[in-house]
Amino acid sequence: MQFLRCVSQISRNGGRLFLSRQLDSFLIANSSHLLGDSTHKVFNRRETYSWSFSALHGFKQQIHHQSSSLIEEPLDPFSLVADELSLLANRLRAMVVAEVPKLASAAEYFFKMGVEGKRFRPTVLLLMATALNVHIHEPMPNGVGDTLGAELRTRQQCIAEITEMIHVASLLHDDVLDDADTRRGIGSLNFVMGNKVAVLAGDFLLSRACVALASLKNTEVVSLLATVVEHLVTGETMQMTSTSEQRCSMDHYMQKTYYKTASLISNSCKAIALLAGQTTEVAMLAFEYGKNLGLAFQLIDDVLDFTGTSASLGKGSLSDIRHGIVTAPILFAIEEFPQLLAVVQQGFDKPENVDIALEYLGKSRGIQRTRELAAKHASLAAAAIDSLPETDDEEVRRSRRALVDLTQRVITRNK
């Protein structure tokens with residue numbers, strides 16, 4: 001009855017329904033009766049994740065969604081920033097122009113119209129910028145607020161551009177290391193122009209990113225994004241030089257995944273917050289959102305490597321296991337079938353070992369457990385957005401809803 005009374009107390013704000021804070025109080029007070037806490041070991045240290053917190057957050061979000069779905073139109077995160085994404089795409093093409101024609105052609109290879117990719121990271125960062133820029137909407141005399149807001153937005157757009165250049169540079173280098181022949185549904189740059197040009201094009205993009213980063217004149221932001229590049233190198237080296245024991249360690253896998261995938265989006269989100277002059281607490285919430293969203297994204301990527309098709313992925317399926325890379329689905333399968341460990345430690349140079357691993361994976365809950373782990377990180381990302389300071393500004397609230405929506409899109413995508 002107490003729960004029903006909480007649910008029934010719904011207030012209106014800005015024309016939209018939301019559950020009163022009494023629901024939060026009820027869920028927190030009764031969390032121990034609903035779900036227990038669990039400790040999950042990640043990143044070579046023991047971190048305690050509150051399963052009750054993330055699950056209850058999802059439960060609360062479900063109730064919120066049910067109460068407001070009658071009056072809220074479906075939200076498309078990408079459409080909210082579509083105009084800015086087009087602006088960024090044009091600026092990126094201008095930023096990667098080089099004096100040497102072949103280098104220019106190589107550098108712009110994945111920035112050309114039609115092959116820019118999903119532009120997922122710029123979308124996240126532009127939405128985060130709006131979600132955090134609460135003070136921009138406070139009135140200031142003589143249009144000063146508008147000028148400051150426009151300048152800040154331009155600087156935050158620069159973070160999105162830098163992030164995309166670093167991301168594409170890492171793809172070019174990864175394709176050389178993996179000897180890939182396709183990327184985004186077309187021939188990879190190393191396949192089309194050769195390894196040397198692909199490496200130089202990646203280096204060129206990183207240098208352009210550094211120039212743009214220096215223009216921001218913010219040493220903390222420079223340090224964050226420089227650390228990202230270090231993490232990309234560290235993560236790739238971890239993958240290349242891991243021992244057989246490390247390859248079968250979930251801790252090692254999650255640390256590597258953070259370095260290779262989640263560090264870029266998490267530190268870029270934090271940079272957006274720092275440029276906005278947000279508090280340390282808010283900057284860390286932005287970081288946590290990016291970290292958990294990035295981890296969820298990569299976990300689903302690992303699932304799709306087994307369940308997707310080459311056409312849907314834009315690259316070859318089963319590419320990880322064929323390159324000897326052990327990911328979460330196989331690691332979970334090993335927990336159920338310890339005899340698979342010996343096969344993994346032998347490596348996947350022999351095609352029959354790949355077949356054996358796939359057979360065990362099919363009998364296990366490896367795919368399902370990986371999806372569950374991705375869902376947990378998606379829930380933690382959504383919880384970070386929910387923990388941001390409250391605001392009545394509808395544009396800010398819409399961007400925050402879009403960021404939460406992205407957490408679901410990440411774990412339900414099929415490509």
# chains A, B, ... in the order shown; residues from 1 in each chain; ligands from 1
>>> residues_around(residues="Leu358 (chain A)", least_positions_apart="6", cutoff="10 Å", atoms="only C-alpha atoms", output="number ranges by chain")
A: 306, 318, 321, 330, 333, 352, 364
>>> select_by_dssp(residues="region 144-233 of chain A", states="strand (DSSP E or B)", output="list of chain:residue names")
A:Thr182, A:Arg183, A:Ile186, A:Gly187
>>> closest_residue(among="A:Gly277, A:Gly194, A:Gly324, A:Gly290", to="Cys248 (chain A)", atoms="only C-alpha atoms")
A:Gly324
>>> closest_residue(among="A:Ala286, A:Ser244, A:Leu380, A:Thr261", to="Leu127 (chain A)", atoms="only C-alpha atoms")
A:Ala286
>>> residues_around(residues="Glu281 (chain A)", least_positions_apart="3", cutoff="12 Å", atoms="only C-alpha atoms", output="VMD selection string")
chain A and resid 270 273 to 274 277 to 278 284 to 288 384 387 to 389
